[in-house]
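The next block is work.txt, given as compact mmCIF, C-alpha atoms.
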```
# COMPACT_ATOMS: atom_id res chain seq x y z
CA MET R 1 89.07 70.23 125.81
CA PRO R 2 87.24 68.77 122.75
CA THR R 3 85.45 72.08 122.12
CA CYS R 4 88.74 73.91 122.28
CA PHE R 5 90.23 71.51 119.77
CA GLN R 6 87.19 71.85 117.56
CA PHE R 7 87.44 75.62 117.68
CA VAL R 8 91.06 75.56 116.52
CA LYS R 9 90.22 73.05 113.80
CA GLN R 10 87.34 75.16 112.58
CA MET R 11 89.44 78.31 112.46
CA VAL R 12 92.18 76.60 110.49
CA MET R 13 89.68 75.05 108.07
CA ASN R 14 87.93 78.36 107.47
CA ARG R 15 91.01 80.47 107.00
CA PRO R 16 93.86 78.18 105.96
CA ALA R 17 95.86 80.98 104.38
CA LEU R 18 95.72 83.23 107.42
CA TYR R 19 97.05 80.49 109.66
CA LEU R 20 99.66 79.56 107.15
CA PHE R 21 100.80 83.16 107.17
CA LEU R 22 100.96 83.14 110.98
CA THR R 23 103.01 79.92 110.91
CA LEU R 24 105.31 81.59 108.44
CA LEU R 25 105.75 84.57 110.76
CA CYS R 26 106.45 82.23 113.67
CA LEU R 27 109.21 80.62 111.62
CA VAL R 28 110.81 83.67 110.04
CA VAL R 29 110.66 86.27 112.80
CA PRO R 30 112.51 84.23 115.48
CA ALA R 31 115.00 83.24 112.83
CA ILE R 32 115.68 86.87 112.01
CA VAL R 33 116.01 87.78 115.67
CA GLU R 34 118.28 84.80 116.31
CA ASN R 35 120.46 85.47 113.31
CA SER R 36 123.60 84.35 115.12
CA TRP R 37 122.83 80.73 114.24
CA ALA R 38 124.03 81.38 110.71
CA VAL R 39 127.58 81.35 112.04
CA ASP R 40 127.58 78.07 113.94
CA VAL R 41 125.96 76.06 111.14
CA ASP R 42 128.86 77.03 108.93
CA VAL R 43 130.57 73.64 109.26
CA SER R 44 129.67 72.87 105.65
CA THR R 45 132.91 74.34 104.39
CA VAL R 46 134.94 72.14 106.73
CA GLN R 47 133.32 68.83 105.84
CA ALA R 48 132.61 69.57 102.20
CA ALA R 49 132.82 65.91 101.24
CA ASP R 50 130.06 64.74 103.61
CA VAL R 51 127.61 67.48 102.72
CA SER R 52 124.34 66.35 101.16
CA ILE R 53 122.92 68.29 98.24
CA PHE R 54 120.39 69.89 100.59
CA GLU R 55 123.15 71.26 102.79
CA MET R 56 125.03 72.79 99.87
CA LYS R 57 124.75 76.57 99.74
CA ARG R 58 124.66 76.72 95.98
CA TRP R 59 123.80 74.37 93.18
CA SER R 60 124.94 74.72 89.64
CA PRO R 61 122.60 77.25 87.95
CA TYR R 62 121.84 74.56 85.38
CA ALA R 63 120.70 72.12 88.08
CA ALA R 64 118.45 74.76 89.63
CA GLY R 65 117.12 75.73 86.20
CA PHE R 66 116.47 72.11 85.26
CA GLY R 67 114.57 71.68 88.55
CA ILE R 68 112.44 74.76 87.84
CA GLY R 69 111.75 73.41 84.34
CA VAL R 70 110.58 70.07 85.75
CA LEU R 71 108.51 71.93 88.35
CA SER R 72 106.80 73.83 85.53
CA TRP R 73 105.71 70.49 83.98
CA LEU R 74 104.03 69.59 87.26
CA VAL R 75 102.40 73.02 87.51
CA PHE R 76 100.84 72.67 84.04
CA LEU R 77 99.92 69.02 84.57
CA LEU R 78 98.58 68.97 88.12
CA SER R 79 97.35 72.54 88.55
CA ASP R 80 96.57 73.65 84.98
CA ASN R 81 98.41 76.85 85.85
CA THR R 82 101.75 78.63 85.35
CA LEU R 83 104.58 79.60 87.71
CA GLY R 84 104.08 83.30 88.31
CA ALA R 85 104.72 85.47 91.31
CA SER R 86 103.52 89.03 90.77
CA GLY R 87 99.74 88.53 90.71
CA ALA R 88 99.77 87.54 94.37
CA TYR R 89 101.05 90.98 95.40
CA ALA R 90 98.10 92.70 93.70
CA LYS R 91 95.71 90.36 95.51
CA THR R 92 97.39 91.04 98.84
CA ALA R 93 97.31 94.79 98.21
CA GLY R 94 93.59 94.50 97.47
CA MET R 95 92.96 92.48 100.63
CA ILE R 96 94.83 95.03 102.75
CA GLU R 97 92.95 97.94 101.18
CA ARG R 98 89.62 96.15 101.66
CA PHE R 99 90.50 95.57 105.31
CA PHE R 100 90.79 99.35 105.85
CA LYS R 101 88.29 100.75 103.38
CA GLY R 102 85.69 97.99 103.18
CA ARG R 103 83.97 96.21 100.32
CA GLN R 104 83.79 99.23 98.01
CA VAL R 105 87.39 98.48 96.99
CA GLU R 106 86.11 95.44 95.06
CA GLU R 107 84.15 97.80 92.79
CA ARG R 108 87.37 99.02 91.19
CA ALA R 109 87.66 97.66 87.62
CA TYR R 110 91.01 96.00 88.30
CA TYR R 111 89.70 94.08 91.30
CA ARG R 112 86.50 93.14 89.49
CA GLU R 113 88.70 91.39 86.92
CA ASN R 114 91.21 90.11 89.49
CA PRO R 115 89.33 89.55 92.76
CA PRO R 116 91.50 90.16 95.84
CA GLU R 117 91.34 86.72 97.42
CA ILE R 118 93.61 83.85 98.33
CA GLY R 119 94.17 81.57 95.36
CA TRP R 120 96.68 79.19 93.87
CA GLY R 121 99.21 81.93 93.02
CA TRP R 122 99.03 83.38 96.51
CA MET R 123 99.78 80.01 98.08
CA LEU R 124 102.64 79.58 95.61
CA LEU R 125 104.23 82.85 96.74
CA ALA R 126 103.81 81.93 100.42
CA GLY R 127 105.49 78.64 99.56
CA VAL R 128 108.42 80.45 97.93
CA VAL R 129 109.19 82.24 101.22
CA ILE R 130 109.12 78.96 103.14
CA GLY R 131 111.05 77.01 100.49
CA SER R 132 113.81 79.59 100.35
CA PHE R 133 113.88 79.74 104.15
CA LEU R 134 114.28 75.95 104.35
CA SER R 135 117.04 75.94 101.76
CA ALA R 136 118.92 78.78 103.45
CA TRP R 137 118.39 77.36 106.93
CA ILE R 138 119.55 73.83 106.09
CA SER R 139 122.68 75.11 104.34
CA GLY R 140 123.50 77.78 106.93
CA ASP R 141 122.95 80.54 104.37
CA PHE R 142 120.28 82.30 106.45
CA ARG R 143 121.36 85.78 107.47
CA SER R 144 119.29 88.81 108.35
CA VAL R 145 120.83 91.65 106.42
CA MET R 146 119.43 95.12 105.77
CA VAL R 147 122.23 96.47 103.59
CA PRO R 148 123.60 93.93 101.07
CA GLU R 149 127.39 93.65 100.90
CA LEU R 150 127.66 94.91 97.33
CA TRP R 151 125.48 97.94 98.11
CA GLU R 152 127.62 98.74 101.15
CA GLN R 153 130.84 98.63 99.09
CA ARG R 154 129.52 100.78 96.28
CA ILE R 155 127.02 103.16 97.87
CA GLY R 156 127.52 103.09 101.63
CA SER R 157 126.22 101.59 104.84
CA SER R 158 123.15 103.80 105.32
CA ALA R 159 120.21 101.50 106.01
CA PHE R 160 117.77 104.31 105.22
CA LEU R 161 119.17 104.94 101.74
CA ARG R 162 119.05 101.22 100.97
CA TRP R 163 115.48 101.02 102.25
CA LEU R 164 114.40 104.05 100.23
CA THR R 165 115.89 102.68 97.01
CA ALA R 166 114.45 99.20 97.61
CA PHE R 167 111.04 100.68 98.43
CA SER R 168 111.02 102.88 95.28
CA GLY R 169 112.19 99.91 93.26
CA GLY R 170 109.43 97.81 94.79
CA ILE R 171 106.79 100.38 93.80
CA LEU R 172 108.02 100.44 90.18
CA LEU R 173 108.27 96.64 90.15
CA GLY R 174 104.69 96.37 91.42
CA ILE R 175 103.36 98.82 88.82
CA GLY R 176 105.48 97.41 86.00
CA SER R 177 104.66 93.76 86.66
CA ARG R 178 100.91 94.43 86.54
CA TRP R 179 101.29 96.82 83.59
CA ALA R 180 103.12 94.16 81.58
CA ASP R 181 100.83 91.43 82.97
CA GLY R 182 103.63 89.28 84.34
CA CYS R 183 107.10 89.19 85.85
CA THR R 184 110.39 87.36 85.50
CA SER R 185 108.67 84.08 86.36
CA GLY R 186 105.24 84.53 84.74
CA HIS R 187 106.61 85.96 81.51
CA GLY R 188 110.35 85.28 81.81
CA ILE R 189 110.09 81.54 82.49
CA SER R 190 106.50 80.28 82.12
CA GLY R 191 105.60 82.41 79.11
CA THR R 192 108.85 82.06 77.19
CA LEU R 193 108.88 78.28 77.64
CA GLN R 194 105.49 78.16 75.91
CA LEU R 195 107.05 80.30 73.16
CA VAL R 196 104.49 83.06 73.75
CA VAL R 197 105.45 86.15 71.75
CA SER R 198 104.40 88.74 74.38
CA SER R 199 106.47 86.90 77.02
CA TRP R 200 109.66 86.98 74.96
CA VAL R 201 109.11 90.71 74.34
CA ALA R 202 108.44 91.27 78.07
CA ALA R 203 111.52 89.31 79.19
CA ILE R 204 113.73 91.30 76.82
CA CYS R 205 112.24 94.61 78.06
CA PHE R 206 112.75 93.59 81.73
CA PHE R 207 116.44 93.11 81.03
CA ILE R 208 116.84 96.21 78.84
CA GLY R 209 115.30 98.38 81.58
CA GLY R 210 117.20 96.53 84.30
CA VAL R 211 120.64 96.58 82.68
CA LEU R 212 120.43 100.27 81.71
CA THR R 213 119.34 101.28 85.21
CA ALA R 214 121.94 99.07 86.90
CA LEU R 215 124.74 100.48 84.76
CA ILE R 216 123.67 104.02 85.70
CA ILE R 217 123.52 103.42 89.47
CA PHE R 218 126.67 101.25 89.68
CA MET U 1 91.12 62.40 87.04
CA LEU U 2 93.25 65.46 86.27
CA LYS U 3 90.12 67.55 85.62
CA ASN U 4 88.71 66.64 89.04
CA MET U 5 92.01 67.53 90.59
CA HIS U 6 92.09 70.91 88.83
CA SER U 7 88.68 71.88 90.18
CA ASN U 8 89.29 70.78 93.79
CA ARG U 9 90.09 74.01 95.61
CA THR U 10 91.67 72.45 98.71
CA VAL U 11 93.89 70.19 96.62
CA GLN U 12 94.93 73.13 94.45
CA LEU U 13 95.73 75.45 97.35
CA THR U 14 97.84 72.69 98.93
CA LEU U 15 99.58 71.92 95.64
CA GLY U 16 100.19 75.63 95.03
CA PHE U 17 101.87 75.88 98.41
CA LEU U 18 103.99 72.74 97.93
CA MET U 19 105.05 73.82 94.44
CA GLY U 20 105.93 77.22 95.89
CA VAL U 21 108.13 75.54 98.50
CA CYS U 22 109.96 73.70 95.69
CA PHE U 23 110.23 76.89 93.64
CA GLY U 24 111.63 78.88 96.57
CA PHE U 25 114.04 76.07 97.43
CA LEU U 26 115.34 75.93 93.85
CA LEU U 27 115.64 79.73 93.55
CA GLN U 28 117.66 79.87 96.77
CA LYS U 29 119.90 76.96 95.77
CA GLY U 30 120.40 78.56 92.36
CA GLY U 31 121.71 81.66 94.11
CA VAL U 32 119.23 84.04 92.52
CA THR U 33 117.70 85.15 95.81
CA HIS U 34 120.95 87.03 96.54
CA TYR U 35 121.13 90.77 95.79
CA GLU U 36 124.74 90.39 94.59
CA VAL U 37 123.80 87.73 92.04
CA ILE U 38 120.91 89.72 90.57
CA MET U 39 122.93 92.95 90.38
CA GLY U 40 125.83 90.93 88.92
CA GLN U 41 123.48 89.92 86.13
CA LEU U 42 122.11 93.40 85.54
CA THR U 43 125.65 94.82 85.37
CA LEU U 44 126.51 91.90 83.02
CA LYS U 45 129.28 90.55 85.28
CA ASP U 46 127.64 87.35 86.57
CA TRP U 47 125.34 85.44 84.24
CA THR U 48 123.80 83.12 86.87
CA VAL U 49 120.27 84.54 86.48
CA VAL U 50 120.26 84.03 82.71
CA LYS U 51 121.71 80.52 83.13
CA VAL U 52 118.98 79.53 85.58
CA MET U 53 116.25 81.07 83.43
CA LEU U 54 117.39 79.64 80.11
CA SER U 55 117.92 76.12 81.46
CA ALA U 56 114.44 76.28 83.02
CA VAL U 57 113.00 77.47 79.70
CA LEU U 58 114.81 74.76 77.74
CA THR U 59 113.65 71.98 80.11
CA GLY U 60 110.15 73.38 80.50
CA MET U 61 109.60 74.01 76.79
CA ILE U 62 110.45 70.48 75.69
CA GLY U 63 108.42 68.90 78.50
CA ILE U 64 105.34 71.07 78.06
CA TYR U 65 105.19 70.57 74.30
CA LEU U 66 105.66 66.80 74.80
CA LEU U 67 102.87 66.68 77.41
CA ARG U 68 100.70 68.61 74.98
CA ILE U 69 100.80 65.84 72.34
CA PRO U 70 98.53 63.44 74.31
CA GLY U 71 96.54 66.48 75.51
CA LEU U 72 97.69 66.29 79.14
CA VAL U 73 98.38 70.02 79.35
CA ARG U 74 97.10 73.13 77.61
CA LEU U 75 98.99 76.32 76.92
CA HIS U 76 98.30 79.46 78.96
CA LYS U 77 99.03 82.22 76.50
CA LYS U 78 99.11 85.86 77.49
CA SER U 79 98.20 88.60 75.07
CA GLY U 80 100.50 91.56 74.77
CA SER U 81 100.91 94.93 73.16
CA PHE U 82 103.46 97.67 72.81
CA GLY U 83 101.56 99.79 75.35
CA SER U 84 101.33 97.01 77.91
CA THR U 85 104.26 94.66 77.44
CA VAL U 86 106.98 97.07 76.31
CA ILE U 87 106.17 100.08 78.50
CA GLY U 88 105.28 97.92 81.51
CA GLY U 89 108.36 95.78 80.91
CA LEU U 90 110.67 98.79 80.91
CA ILE U 91 109.12 100.19 84.12
CA PHE U 92 109.56 96.73 85.63
CA GLY U 93 113.21 96.75 84.55
CA VAL U 94 113.93 100.04 86.33
CA GLY U 95 112.32 98.69 89.52
CA PHE U 96 114.18 95.41 89.11
CA ALA U 97 117.56 97.20 89.16
CA LEU U 98 116.69 99.62 92.00
CA LEU U 99 115.39 96.84 94.23
CA GLY U 100 117.85 94.17 93.13
CA TYR U 101 115.23 91.42 93.23
CA CYS U 102 112.22 90.51 91.11
CA PRO U 103 108.74 89.58 92.43
CA GLY U 104 109.55 85.88 92.89
CA THR U 105 113.12 86.26 94.14
CA VAL U 106 112.16 89.07 96.55
CA ALA U 107 109.92 86.53 98.33
CA GLY U 108 112.83 84.10 98.31
CA ALA U 109 115.13 86.80 99.66
CA VAL U 110 112.67 87.43 102.52
CA GLY U 111 112.87 83.71 103.33
CA GLN U 112 116.64 83.81 103.60
CA GLY U 113 116.56 86.85 105.87
CA ALA U 114 117.00 89.87 103.58
CA LEU U 115 115.36 92.75 105.45
CA ASP U 116 115.68 95.17 102.51
CA ALA U 117 113.59 92.67 100.53
CA LEU U 118 110.90 92.52 103.22
CA LEU U 119 110.70 96.12 104.43
CA GLY U 120 111.59 97.76 101.12
CA GLY U 121 110.77 95.36 98.32
CA VAL U 122 107.61 93.61 99.46
CA ALA U 123 106.18 96.77 101.04
CA GLY U 124 106.92 98.74 97.86
CA MET U 125 105.39 96.07 95.65
CA LEU U 126 102.18 96.06 97.68
CA LEU U 127 101.96 99.85 97.34
CA GLY U 128 102.88 99.66 93.64
CA THR U 129 100.28 97.04 92.76
CA GLY U 130 97.72 99.04 94.78
CA ILE U 131 98.59 102.19 92.79
CA TYR U 132 98.24 100.19 89.59
CA SER U 133 94.73 99.06 90.55
CA ILE U 134 93.77 102.75 90.69
CA LEU U 135 95.54 103.65 87.42
CA TYR U 136 94.16 100.56 85.62
CA ASP U 137 90.94 102.17 84.36
CA ARG U 138 92.72 105.00 82.57
CA LEU U 139 95.61 102.86 81.30
CA GLU U 140 93.16 100.31 79.92
CA LYS U 141 91.39 103.01 77.91
CA ARG U 142 94.44 104.86 76.62
CA ILE U 143 97.64 102.83 76.71
CA LEU U 144 97.35 99.09 77.31
CA HIS U 145 95.92 98.23 73.89
CA LEU U 146 98.28 100.35 71.78
CA GLY U 147 100.00 98.20 69.16
CA GLU U 148 98.58 94.80 70.13
CA PHE U 149 100.45 91.70 69.06
CA GLY U 150 97.78 89.27 70.16
CA LYS U 151 97.62 86.05 72.12
CA ILE U 152 100.03 84.09 69.94
CA THR U 153 103.04 81.84 70.16
CA LEU U 154 106.20 82.04 68.09
CA PRO U 155 105.18 79.07 65.87
CA GLU U 156 101.80 80.72 65.26
CA LEU U 157 103.49 84.02 64.40
CA LEU U 158 105.82 82.29 61.96
CA ASN U 159 103.01 80.12 60.64
CA ALA U 160 105.14 77.05 61.36
CA LYS U 161 104.74 73.73 63.18
CA PRO U 162 105.89 73.87 66.84
CA TRP U 163 108.68 71.29 66.76
CA PRO U 164 110.96 72.92 64.17
CA VAL U 165 110.68 76.18 66.15
CA ILE U 166 111.39 74.35 69.43
CA LEU U 167 114.44 72.72 67.86
CA ARG U 168 115.80 76.08 66.68
CA VAL U 169 115.07 77.89 69.97
CA SER U 170 116.71 75.01 71.89
CA THR U 171 119.78 75.20 69.68
CA VAL U 172 120.08 78.97 70.14
CA ILE U 173 119.73 78.60 73.94
CA ALA U 174 122.27 75.74 74.07
CA VAL U 175 124.80 77.62 71.93
CA PHE U 176 124.31 80.79 73.98
CA LEU U 177 124.90 78.91 77.26
CA LEU U 178 127.95 77.22 75.77
CA VAL U 179 129.40 80.56 74.67
CA LEU U 180 128.78 81.94 78.18
CA GLU U 181 130.70 79.00 79.70
CA VAL U 182 133.59 79.38 77.28
CA ALA U 183 133.71 83.14 77.87
CA GLY U 184 133.64 82.45 81.63
CA GLY U 185 130.56 84.58 82.40
```

Now that the file is in, can you turn its structure into C-alpha cells?
Amino acid sequence: MPTCFQFVKQMVMNRPALYLFLTLLCLVVPAIVENSWAVDVDVSTVQAADVSIFEMKRWSPYAAGFGIGVLSWLVFLLSDNTLGASGAYAKTAGMIERFFKGRQVEERAYYRENPPEIGWGWMLLAGVVIGSFLSAWISGDFRSVMVPELWEQRIGSSAFLRWLTAFSGGILLGIGSRWADGCTSGHGISGTLQLVVSSWVAAICFFIGGVLTALIIF
Amino acid sequence: MLKNMHSNRTVQLTLGFLMGVCFGFLLQKGGVTHYEVIMGQLTLKDWTVVKVMLSAVLTGMIGIYLLRIPGLVRLHKKSGSFGSTVIGGLIFGVGFALLGYCPGTVAGAVGQGALDALLGGVAGMLLGTGIYSILYDRLEKRILHLGEFGKITLPELLNAKPWPVILRVSTVIAVFLLVLEVAGG
C-alpha cells in the first residue's frame, strides 16, 4: 500500500500539469455527457431573492470587469506577469508536435524563442476552463451545445457547418494571435491597461477585423 | 519576499492556475463566454464585451500605476509594428468573428459546455499556432518588423508624465461607458 501511494505521489509531483489535465477531463466529460442536469438546477429563476452572487447566471459587465481589473493587480504583483491566453495554445501545439515528431521540433526558431513547455500561462488557461465550468455549474448555466442558438437562427442547424466555420476561425485566431503577439486578454486588457501603444493598436485591429467579418456573415 | 515568490516555480504554477480559475469564473459571470454575446458585440448590437474590457482596463490601469509608485510592480511592455500588430490583429479579427470566441473566452466556453468551442475553436487554434511556428522564420525576416513603433507606452509616445495621460484615458473610458448606457447599448 505505501509503495502504491508513493508511486501516485511521485507521478503527480513529476507531472503536475498532466494530472491536472486529467482531472479536468474527469470533470468536464461526464458533465457534457450528463448535460440534462442543466435543467433541474434551474430553480434560480424561481427563488431569485435567495440566490447568492455565485449562483447568479450573469453579473453586471462592470462588476465582472472590475473583478478582472483587480485580478490583473494580483497577477502583476504576485506573479510578475500579465493576463494573457493565446501563448498557451502555441506551447500546447508544440508539445503535441514534439510528441509525434520528437525533439527536432524544438529546433524551429519559434520554439527556440518560446519553448513548448508547461508554464504560468498554460496553468492560467487550464484554470480558465475550470473557473468557467465552476461558474456555469453553480449557476445552472452549463449546457453542452454544438450549434449556438444565434447560429441556428441565422445560418441553420448543421453541426458540420458550424464546426467547419469554428475550426477555420480557430486556425485564423491561432495564427493572428501569435502574429500580433497577443490576444484580447494579452493586448486587449493587460496591454491597454499599461497604456502600451502596440496593445491599443492591436485591440483596435481585432475589433475592426471582427466587426467587418461579423457584418458580412450575419 | 515578492522576488522569492516570483522565482518559485511551484508557487507560480499554482498561482497561475488559481488566477486562471478566477479569470474563467469572471469571464463566465460577465457573459462573455457565450457565442451570442460575442457576436452581439461584433455586430454592434450588444456592448457587453466592450463594457467588461473597458471596466477591467480602467480598474487595472489605475491600480497598476499606483502599485508602480513604490516599485511593487513593473510594466510588461510589448513591442509592435505595422507588419506584426496591424496585419496580425486583422487576421485575428477575422478568426474572432468566424469562431465567435477569442483565445481566453474559447477556453471559458469549453468550461461551460460549448462543443463548437472545444472541437472547432481549440482544435483550430492548436493547428493555427502550429502553422504559425512554421511560418515564423519567413515572417520574421520579411513582415514582422515593417513599420516598427517600438516598446513604448502612450505617455512615453506623448513625452508626458503618466498621471495626466491616465486621467484623460480614464475620462474618455468613463464618458464612453456612460454614453453606451444612455444609448442603451

Determine, using only C-alpha atoms, which residues of range 117-170 of chain U have any atom at most 8 Å from an atom of range 189-210 of chain R, and tabulate each with its shortest atom pair and distance in Å to one decimal place, rows ordered by chain and then rising number, as CSV.
```
residue,atom,partner,partner_atom,distance
U:Phe149,CA,R:Ser198,CA,7.3
U:Gly150,CA,R:Ser198,CA,7.9
U:Lys151,CA,R:Ser198,CA,7.6
U:Ile152,CA,R:Val196,CA,6.0
U:Thr153,CA,R:Val196,CA,4.1
U:Leu154,CA,R:Leu195,CA,5.4
U:Pro155,CA,R:Leu195,CA,7.6
U:Leu157,CA,R:Val197,CA,7.9
```

- Message: What's the separation between CA of Ser135 in chain R and CA of Gly20 in chain U, in Å to one decimal place?
- Response: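 Taking CA of Ser135 in chain R as the start and CA of Gly20 in chain U as the end point, the length is 12.6 Å.
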
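Of the listed residues U:Val37, U:Gly100, U:Val86, U:Lys51, the one whose atoms come nearest to Arg162 in chain R is U:Gly100, with distances taken using all atoms listed in the file.
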
- Task: Can you work out the spacing between CA of Gln12 in chain U and CA of Gly94 in chain R in Å, to one decimal?
- Result: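 Separation between CA of Gln12 in chain U and CA of Gly94 in chain R: 21.6 Å.
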
- Nearest residue to Gly71 in chain U from the set R:Phe142, R:Tyr110, R:Trp163, R:Phe76 (distances using all atoms listed in the file):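 Counting all atoms listed in the file, the residue closest to Gly71 in chain U is R:Phe76.
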
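The environment of Leu173 in chain R within 8 Å, counting all atoms listed in the file and disregarding residues fewer than 4 places along the same chain, consists of Gly169 and Ser177 of chain R; Ile91, Phe92, Gly93, Val94, Gly95, Phe96, Cys102, Pro103, Met125 and Gly128 of chain U.
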
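Note that the spacing between CA of Met146 in chain R and CA of Phe160 in chain R amounts to 9.4 Å.
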
- Task: Using only C-alpha atoms, determine which residues lie at most 10 Å from Ile138 in chain R, disregarding the query and same-chain residues fewer than 2 positions distant; provide the list as a count of residues only.
- Result: 14

- Message: Please determine, counting all atoms listed in the file, which residue among U:Leu135, U:Met61, U:Leu167, U:Leu144 has the shortest atom-to-atom distance to chain R.
- Response: U:Met61

- Task: Name the residues, using the chain letters and numbers of the file, that sit within 12 Å of (110.3, 75.2, 70.0) when counting only C-alpha atoms, and give them as a PyMOL selection string.
- Result: (chain R and resi 192-196) or (chain U and resi 57-66+153-156+158+160-173)

Got time to write the residues from that selection, C-alpha atoms, as a PDB file, in the coordinates of the input?
```
ATOM      1  CA  THR R 192     108.850  82.060  77.190  1.00  0.00           C
ATOM      2  CA  LEU R 193     108.880  78.280  77.640  1.00  0.00           C
ATOM      3  CA  GLN R 194     105.490  78.160  75.910  1.00  0.00           C
ATOM      4  CA  LEU R 195     107.050  80.300  73.160  1.00  0.00           C
ATOM      5  CA  VAL R 196     104.490  83.060  73.750  1.00  0.00           C
TER       6      VAL R 196
ATOM      7  CA  VAL U  57     113.000  77.470  79.700  1.00  0.00           C
ATOM      8  CA  LEU U  58     114.810  74.760  77.740  1.00  0.00           C
ATOM      9  CA  THR U  59     113.650  71.980  80.110  1.00  0.00           C
ATOM     10  CA  GLY U  60     110.150  73.380  80.500  1.00  0.00           C
ATOM     11  CA  MET U  61     109.600  74.010  76.790  1.00  0.00           C
ATOM     12  CA  ILE U  62     110.450  70.480  75.690  1.00  0.00           C
ATOM     13  CA  GLY U  63     108.420  68.900  78.500  1.00  0.00           C
ATOM     14  CA  ILE U  64     105.340  71.070  78.060  1.00  0.00           C
ATOM     15  CA  TYR U  65     105.190  70.570  74.300  1.00  0.00           C
ATOM     16  CA  LEU U  66     105.660  66.800  74.800  1.00  0.00           C
ATOM     17  CA  THR U 153     103.040  81.840  70.160  1.00  0.00           C
ATOM     18  CA  LEU U 154     106.200  82.040  68.090  1.00  0.00           C
ATOM     19  CA  PRO U 155     105.180  79.070  65.870  1.00  0.00           C
ATOM     20  CA  GLU U 156     101.800  80.720  65.260  1.00  0.00           C
ATOM     21  CA  LEU U 158     105.820  82.290  61.960  1.00  0.00           C
ATOM     22  CA  ALA U 160     105.140  77.050  61.360  1.00  0.00           C
ATOM     23  CA  LYS U 161     104.740  73.730  63.180  1.00  0.00           C
ATOM     24  CA  PRO U 162     105.890  73.870  66.840  1.00  0.00           C
ATOM     25  CA  TRP U 163     108.680  71.290  66.760  1.00  0.00           C
ATOM     26  CA  PRO U 164     110.960  72.920  64.170  1.00  0.00           C
ATOM     27  CA  VAL U 165     110.680  76.180  66.150  1.00  0.00           C
ATOM     28  CA  ILE U 166     111.390  74.350  69.430  1.00  0.00           C
ATOM     29  CA  LEU U 167     114.440  72.720  67.860  1.00  0.00           C
ATOM     30  CA  ARG U 168     115.800  76.080  66.680  1.00  0.00           C
ATOM     31  CA  VAL U 169     115.070  77.890  69.970  1.00  0.00           C
ATOM     32  CA  SER U 170     116.710  75.010  71.890  1.00  0.00           C
ATOM     33  CA  THR U 171     119.780  75.200  69.680  1.00  0.00           C
ATOM     34  CA  VAL U 172     120.080  78.970  70.140  1.00  0.00           C
ATOM     35  CA  ILE U 173     119.730  78.600  73.940  1.00  0.00           C
TER      36      ILE U 173
END
```

- Item | Answer as an MDAnalysis selection string, residues within 8 Å of (112.4, 99.4, 97.8) using all atoms listed in the file | (chainID R and resid 162:171) or (chainID U and resid 98:99 116:117 119:124)

For those residues, write C-alpha atoms to a file as a PDB file, keeping the file's coordinate frame.
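In the end it all went to part_30.pdb:
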```
ATOM      1  CA  ARG R 162     119.050 101.220 100.970  1.00  0.00           C
ATOM      2  CA  TRP R 163     115.480 101.020 102.250  1.00  0.00           C
ATOM      3  CA  LEU R 164     114.400 104.050 100.230  1.00  0.00           C
ATOM      4  CA  THR R 165     115.890 102.680  97.010  1.00  0.00           C
ATOM      5  CA  ALA R 166     114.450  99.200  97.610  1.00  0.00           C
ATOM      6  CA  PHE R 167     111.040 100.680  98.430  1.00  0.00           C
ATOM      7  CA  SER R 168     111.020 102.880  95.280  1.00  0.00           C
ATOM      8  CA  GLY R 169     112.190  99.910  93.260  1.00  0.00           C
ATOM      9  CA  GLY R 170     109.430  97.810  94.790  1.00  0.00           C
ATOM     10  CA  ILE R 171     106.790 100.380  93.800  1.00  0.00           C
TER      11      ILE R 171
ATOM     12  CA  LEU U  98     116.690  99.620  92.000  1.00  0.00           C
ATOM     13  CA  LEU U  99     115.390  96.840  94.230  1.00  0.00           C
ATOM     14  CA  ASP U 116     115.680  95.170 102.510  1.00  0.00           C
ATOM     15  CA  ALA U 117     113.590  92.670 100.530  1.00  0.00           C
ATOM     16  CA  LEU U 119     110.700  96.120 104.430  1.00  0.00           C
ATOM     17  CA  GLY U 120     111.590  97.760 101.120  1.00  0.00           C
ATOM     18  CA  GLY U 121     110.770  95.360  98.320  1.00  0.00           C
ATOM     19  CA  VAL U 122     107.610  93.610  99.460  1.00  0.00           C
ATOM     20  CA  ALA U 123     106.180  96.770 101.040  1.00  0.00           C
ATOM     21  CA  GLY U 124     106.920  98.740  97.860  1.00  0.00           C
TER      22      GLY U 124
END
```

May I have the residues within 9 Å of Ser79 in chain R as an mmCIF file with C-alpha atoms, in the coordinates of the input, using only C-alpha atoms and disregarding those fewer than 6 positions away in the same chain?
```cif
data_model
loop_
_atom_site.group_PDB
_atom_site.id
_atom_site.type_symbol
_atom_site.label_atom_id
_atom_site.label_comp_id
_atom_site.auth_asym_id
_atom_site.auth_seq_id
_atom_site.Cartn_x
_atom_site.Cartn_y
_atom_site.Cartn_z
ATOM 1 C CA TRP R 120 96.680 79.190 93.870
ATOM 2 C CA LEU U 2 93.250 65.460 86.270
ATOM 3 C CA MET U 5 92.010 67.530 90.590
ATOM 4 C CA HIS U 6 92.090 70.910 88.830
ATOM 5 C CA SER U 7 88.680 71.880 90.180
ATOM 6 C CA GLN U 12 94.930 73.130 94.450
ATOM 7 C CA LEU U 15 99.580 71.920 95.640
ATOM 8 C CA GLY U 16 100.190 75.630 95.030
#
```

- Quick one: everything within 9 Å of Gly182 in chain R, counting only C-alpha atoms, minus sequence neighbours fewer than 3 positions away in the same chain. Send it as number ranges by chain. R: 84-87, 176-179, 185-188, 191, 199, 202; U: 78, 85, 89

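The smallest atom-to-atom distance between chain U and any of R:Ile53, R:Val211, R:Val105, R:Ile155, using only C-alpha atoms, is found for R:Val211.
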
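Restricting the calculation to only C-alpha atoms, the smallest distance between chain U and any of R:Gly127, R:Leu74, R:Phe218, R:Trp151 is found for R:Gly127.
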
- Item | Exercise: Leu71 in chain R partners within 8 Å, all atoms listed in the file, chain neighbours under 2 positions left out, as a list in words | Gly67, Ile68, Gly69, Trp73, Leu74 and Val75 of chain R; Met19, Cys22 and Phe23 of chain U

Now that the selection is made, can you save its residues with C-alpha atoms as a compact mmCIF listing (two decimals), in the frame of the given file?
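Now in result-v1.txt:
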```txt
# COMPACT_ATOMS: atom_id res chain seq x y z
CA GLY R 67 114.57 71.68 88.55
CA ILE R 68 112.44 74.76 87.84
CA GLY R 69 111.75 73.41 84.34
CA TRP R 73 105.71 70.49 83.98
CA LEU R 74 104.03 69.59 87.26
CA VAL R 75 102.40 73.02 87.51
CA MET U 19 105.05 73.82 94.44
CA CYS U 22 109.96 73.70 95.69
CA PHE U 23 110.23 76.89 93.64
```
